[in-house]
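Listing of query.pdb; format and content: PDB, C-alpha atoms.
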ATOM      1  CA  MET A   2      -2.652  12.061 -26.545
ATOM      2  CA  GLU A   3       0.426  10.146 -27.595
ATOM      3  CA  LEU A   4       2.976   9.534 -24.884
ATOM      4  CA  GLY A   5       6.676   9.219 -25.571
ATOM      5  CA  LYS A   6       8.852   6.481 -24.137
ATOM      6  CA  LEU A   7      10.129   8.651 -21.293
ATOM      7  CA  SER A   8       6.609   9.761 -20.361
ATOM      8  CA  LEU A   9       5.494   6.155 -20.144
ATOM      9  CA  PHE A  10       8.358   5.324 -17.815
ATOM     10  CA  LYS A  11       7.622   8.395 -15.662
ATOM     11  CA  ILE A  12       3.984   7.345 -15.302
ATOM     12  CA  LEU A  13       4.903   3.752 -14.469
ATOM     13  CA  GLY A  14       7.570   4.932 -12.036
ATOM     14  CA  ALA A  15       5.092   7.119 -10.187
ATOM     15  CA  ARG A  16       2.593   4.257 -10.008
ATOM     16  CA  MET A  17       5.240   1.827  -8.757
ATOM     17  CA  SER A  18       6.382   4.311  -6.117
ATOM     18  CA  TYR A  19       2.797   4.604  -4.873
ATOM     19  CA  LEU A  20       2.390   0.818  -4.803
ATOM     20  CA  SER A  21       5.677   0.384  -2.936
ATOM     21  CA  GLU A  22       4.621   2.844  -0.224
ATOM     22  CA  ARG A  23       1.240   1.146   0.023
ATOM     23  CA  GLN A  24       2.939  -2.223   0.501
ATOM     24  CA  LYS A  25       5.047  -0.798   3.340
ATOM     25  CA  VAL A  26       1.918   0.335   5.194
ATOM     26  CA  LEU A  27       0.203  -3.012   4.626
ATOM     27  CA  SER A  28       3.315  -4.870   5.833
ATOM     28  CA  GLU A  29       3.388  -2.814   9.017
ATOM     29  CA  ASN A  30      -0.270  -3.615   9.657
ATOM     30  CA  ILE A  31       0.302  -7.337   9.142
ATOM     31  CA  ALA A  32       3.390  -7.331  11.369
ATOM     32  CA  ASN A  33       1.467  -5.640  14.195
ATOM     33  CA  ALA A  34      -1.805  -7.555  13.897
ATOM     34  CA  ASP A  35      -1.164  -9.149  17.321
ATOM     35  CA  SER A  36       0.416  -6.147  19.105
ATOM     36  CA  LEU A  37      -1.612  -5.641  22.272
ATOM     37  CA  GLY A  38      -1.311  -2.969  24.921
ATOM     38  CA  LYS A  39       0.908  -3.670  27.926
ATOM     39  CA  ALA A  40      -1.302  -2.195  30.657
ATOM     40  CA  PRO A  41      -5.060  -1.945  31.310
ATOM     41  CA  GLY A  42      -6.614   0.837  29.243
ATOM     42  CA  GLU A  43      -3.619   1.034  26.900
ATOM     43  CA  ASP A  44      -4.558   0.907  23.230
ATOM     44  CA  PRO A  45      -3.187  -1.841  20.998
ATOM     45  CA  TYR A  46      -1.642  -1.191  17.593
ATOM     46  CA  GLN A  47      -3.943   0.946  15.455
ATOM     47  CA  ARG A  48      -4.257   0.055  11.775
ATOM     48  CA  LYS A  49      -2.763   2.527   9.319
ATOM     49  CA  VAL A  50      -4.281   3.444   5.969
ATOM     50  CA  SER A  51      -2.802   5.115   2.904
ATOM     51  CA  ILE A  52      -4.609   8.237   1.777
ATOM     52  CA  PHE A  53      -3.898   9.004  -1.847
ATOM     53  CA  ARG A  54      -4.669  11.837  -4.185
ATOM     54  CA  ASN A  55      -4.180  12.783  -7.794
ATOM     55  CA  ILE A  56      -1.402  15.251  -8.510
ATOM     56  CA  LEU A  57      -1.209  17.101 -11.813
ATOM     57  CA  ASP A  58       2.139  16.536 -13.523
ATOM     58  CA  ARG A  59       2.489  19.540 -15.811
ATOM     59  CA  ASP A  60       5.325  17.925 -17.799
ATOM     60  CA  LEU A  61       3.123  14.957 -18.696
ATOM     61  CA  GLY A  62      -0.115  16.922 -18.791
ATOM     62  CA  MET A  63      -1.959  14.337 -16.709
ATOM     63  CA  ASP A  64      -2.717  13.305 -13.147
ATOM     64  CA  LYS A  65      -0.506  10.899 -11.231
ATOM     65  CA  VAL A  66      -1.481   9.022  -8.085
ATOM     66  CA  GLN A  67       0.515   9.822  -4.976
ATOM     67  CA  ILE A  68       0.159   9.035  -1.289
ATOM     68  CA  SER A  69      -0.758  12.290   0.415
ATOM     69  CA  LYS A  70      -0.510  10.945   3.972
ATOM     70  CA  ILE A  71      -0.602   7.888   6.168
ATOM     71  CA  ASP A  72      -3.510   8.062   8.600
ATOM     72  CA  ILE A  73      -4.900   5.761  11.261
ATOM     73  CA  ASP A  74      -8.045   3.691  10.992
ATOM     74  CA  ARG A  75     -10.432   5.103  13.575
ATOM     75  CA  SER A  76     -12.642   2.018  13.793
ATOM     76  CA  ASP A  77     -13.245   0.453  17.200
ATOM     77  CA  PHE A  78     -10.824  -2.053  18.662
ATOM     78  CA  PRO A  79     -12.241  -5.562  18.979
ATOM     79  CA  LYS A  80     -12.264  -7.051  22.476
ATOM     80  CA  ARG A  81     -11.081 -10.505  23.471
ATOM     81  CA  PHE A  82     -11.788 -12.179  26.794
ATOM     82  CA  GLU A  83      -8.399 -12.897  28.320
ATOM     83  CA  PRO A  84      -8.530 -12.191  32.068
ATOM     84  CA  GLY A  85      -4.910 -13.227  32.734
ATOM     85  CA  HIS A  86      -3.396 -10.716  30.283
ATOM     86  CA  PRO A  87      -1.640  -7.647  31.793
ATOM     87  CA  ALA A  88      -3.701  -5.326  29.555
ATOM     88  CA  ALA A  89      -7.057  -6.845  30.558
ATOM     89  CA  ASN A  90      -9.605  -4.443  31.988
ATOM     90  CA  ALA A  91     -11.599  -5.102  35.173
ATOM     91  CA  ASP A  92     -14.027  -7.319  33.205
ATOM     92  CA  GLY A  93     -11.174  -9.425  31.787
ATOM     93  CA  TYR A  94     -11.300  -8.045  28.235
ATOM     94  CA  VAL A  95      -8.250  -7.007  26.239
ATOM     95  CA  LEU A  96      -8.457  -4.542  23.342
ATOM     96  CA  THR A  97      -7.002  -6.049  20.173
ATOM     97  CA  PRO A  98      -5.718  -4.271  17.056
ATOM     98  CA  ASN A  99      -8.300  -3.212  14.477
ATOM     99  CA  VAL A 100      -6.332  -5.127  11.841
ATOM    100  CA  ASN A 101      -7.878  -7.966   9.865
ATOM    101  CA  PRO A 102      -4.854  -9.926   8.555
ATOM    102  CA  LEU A 103      -6.934 -11.523   5.790
ATOM    103  CA  VAL A 104      -7.995  -8.119   4.414
ATOM    104  CA  GLU A 105      -4.422  -6.820   4.685
ATOM    105  CA  MET A 106      -3.075  -9.887   2.826
ATOM    106  CA  MET A 107      -5.625  -9.477   0.030
ATOM    107  CA  ASP A 108      -4.749  -5.784  -0.293
ATOM    108  CA  MET A 109      -1.056  -6.718  -0.316
ATOM    109  CA  ARG A 110      -1.670  -9.289  -3.034
ATOM    110  CA  GLU A 111      -3.514  -6.711  -5.167
ATOM    111  CA  ALA A 112      -0.722  -4.156  -4.730
ATOM    112  CA  GLN A 113       1.918  -6.786  -5.531
ATOM    113  CA  ARG A 114       0.123  -7.876  -8.706
ATOM    114  CA  SER A 115      -0.274  -4.272  -9.828
ATOM    115  CA  TYR A 116       3.437  -3.702  -9.223
ATOM    116  CA  GLU A 117       4.304  -6.817 -11.247
ATOM    117  CA  ALA A 118       1.998  -5.710 -14.069
ATOM    118  CA  ASN A 119       3.808  -2.375 -14.230
ATOM    119  CA  MET A 120       7.151  -4.221 -14.346
ATOM    120  CA  ASN A 121       5.859  -6.300 -17.261
ATOM    121  CA  VAL A 122       4.829  -3.143 -19.138
ATOM    122  CA  ILE A 123       8.323  -1.708 -18.625
ATOM    123  CA  SER A 124       9.933  -4.934 -19.829
ATOM    124  CA  THR A 125       7.695  -5.147 -22.899
ATOM    125  CA  SER A 126       8.309  -1.478 -23.725
ATOM    126  CA  ARG A 127      12.067  -1.989 -23.536
ATOM    127  CA  GLN A 128      11.832  -5.004 -25.828
ATOM    128  CA  MET A 129       9.757  -3.028 -28.326
ATOM    129  CA  VAL A 130      12.273  -0.161 -28.317
ATOM    130  CA  ALA A 131      15.137  -2.621 -28.805
ATOM    131  CA  LYS A 132      13.336  -4.307 -31.730
ATOM    132  CA  THR A 133      12.595  -0.912 -33.280
ATOM    133  CA  LEU A 134      16.255   0.071 -33.031
ATOM    134  CA  GLU A 135      17.258  -3.255 -34.614
ATOM    135  CA  LEU A 136      14.905  -2.610 -37.536
ATOM    136  CA  LEU A 137      16.325   0.881 -38.044
ATOM    137  CA  LYS A 138      19.903  -0.400 -38.410
TER     138      LYS A 138
END
Represent the structure from my file as structure tokens, please.
Amino acid sequence: MELGKLSLFKILGARMSYLSERQKVLSENIANADSLGKAPGEDPYQRKVSIFRNILDRDLGMDKVQISKIDIDRSDFPKRFEPGHPAANADGYVLTPNVNPLVEMMDMREAQRSYEANMNVISTSRQMVAKTLELLK
């Protein structure tokens, strides 16, 4: 299937929109990686995850990726021994967020590089269209 210039930009736009939303979720996770509860038994920040799905774009005749919802990671909260903390339980343990900053940073880096790659495709496509128009003059 041959895609026209506008179709290419629609596909790249949809992909970049998805990547932008994904980066927002990852940023929120990183920002809250140390957000503990304030009282015993209170949960700390719970990691969020992007759930995506393919959506059929009838105009393009192909699937596009889109975030269908933002959900929470239901994995267990790690515990840290910190008896002096206000959120410590009777045994002195504090629940910490189920966020691994290293994993979040690597995911952010991948999303950022994908976004940049899409920007490069847009730039190259524009240059090719401009050159084609120059040749047609």
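For the pair CA of Arg81 (chain A) and CA of Leu96 (chain A), the separation is 6.5 Å.
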- Note on the structure: Of A:Lys65, A:Arg127, A:Arg75, A:Arg110, the one sitting nearest Ser28 (chain A) when using only C-alpha atoms is A:Arg110
- Task: Show which residues sit within 12 Å of Ile12 (chain A), as a ChimeraX atom specification. Count only C-alpha atoms, and ignore same-chain residues fewer than 2 positions away.
- Result: /A:4-10,14-19,56-58,60-67,119,122-123
- Carefully work through the PyMOL selection byres ((chain A and resi 29-36) around 10) for this structure and note down the residues it includes, as JSON, numbers by chain. {"A": [24, 25, 26, 27, 28, 37, 38, 39, 44, 45, 46, 47, 48, 49, 50, 96, 97, 98, 99, 100, 101, 102, 103, 104, 105, 106, 109]}
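One finds CA of Ser51 (chain A) at 6.5 Å from CA of Asp72 (chain A).
Between CA of Leu13 (chain A) and CA of Asn121 (chain A) the interatomic distance comes to 10.5 Å.
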Got a sec to resolve the PyMOL selection byres ((chain A and resi 87) around 7) on this structure and send the residues as a CSV table (one decimal) with C-alpha atoms, in the coordinates of the input?
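The new file part12.csv reads:
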chain,number,residue,atom,x,y,z
A,39,LYS,CA,0.9,-3.7,27.9
A,40,ALA,CA,-1.3,-2.2,30.7
A,41,PRO,CA,-5.1,-1.9,31.3
A,85,GLY,CA,-4.9,-13.2,32.7
A,86,HIS,CA,-3.4,-10.7,30.3
A,88,ALA,CA,-3.7,-5.3,29.6
A,89,ALA,CA,-7.1,-6.8,30.6
- Note on the structure: Using all atoms listed in the file, the shortest atom-to-atom distance to Glu83 (chain A) among A:Leu20, A:Leu136, A:Ile71, A:Val95 belongs to A:Val95
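The residue that comes closest to Ser69 (chain A), out of A:Glu22, A:Tyr94, A:Ser115, A:Met107 and on the basis of only C-alpha atoms, is A:Glu22.
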Give, as AutoDock Vina command-line options, the centre coordinates and the x, y and z edge lengths in Å to one decimal for an axis-aligned box around all listed atoms of region 109-122 of chain A, padded by 6 Å on each side.
--center_x 1.8 --center_y -5.8 --center_z -9.7 --size_x 22.7 --size_y 18.9 --size_z 30.8
- Task: Identify which of the residues A:Asn90, A:Ile68, A:Asn55, A:Phe82 lies closest to Gly42 (chain A), counting only C-alpha atoms when measuring atom-to-atom distances.
- Result: A:Asn90
- Message: Let me make sure I understand: among A:Ile73, A:Ala112, A:Met120, A:Met129, which one has the smallest atom-to-atom distance to Ser21 (chain A) if we use all atoms listed in the file?
- Response: A:Ala112
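Using all atoms listed in the file, the smallest distance between any of A:Lys138, A:Arg54, A:Lys11, A:Lys132 and Lys70 (chain A) comes from A:Arg54.
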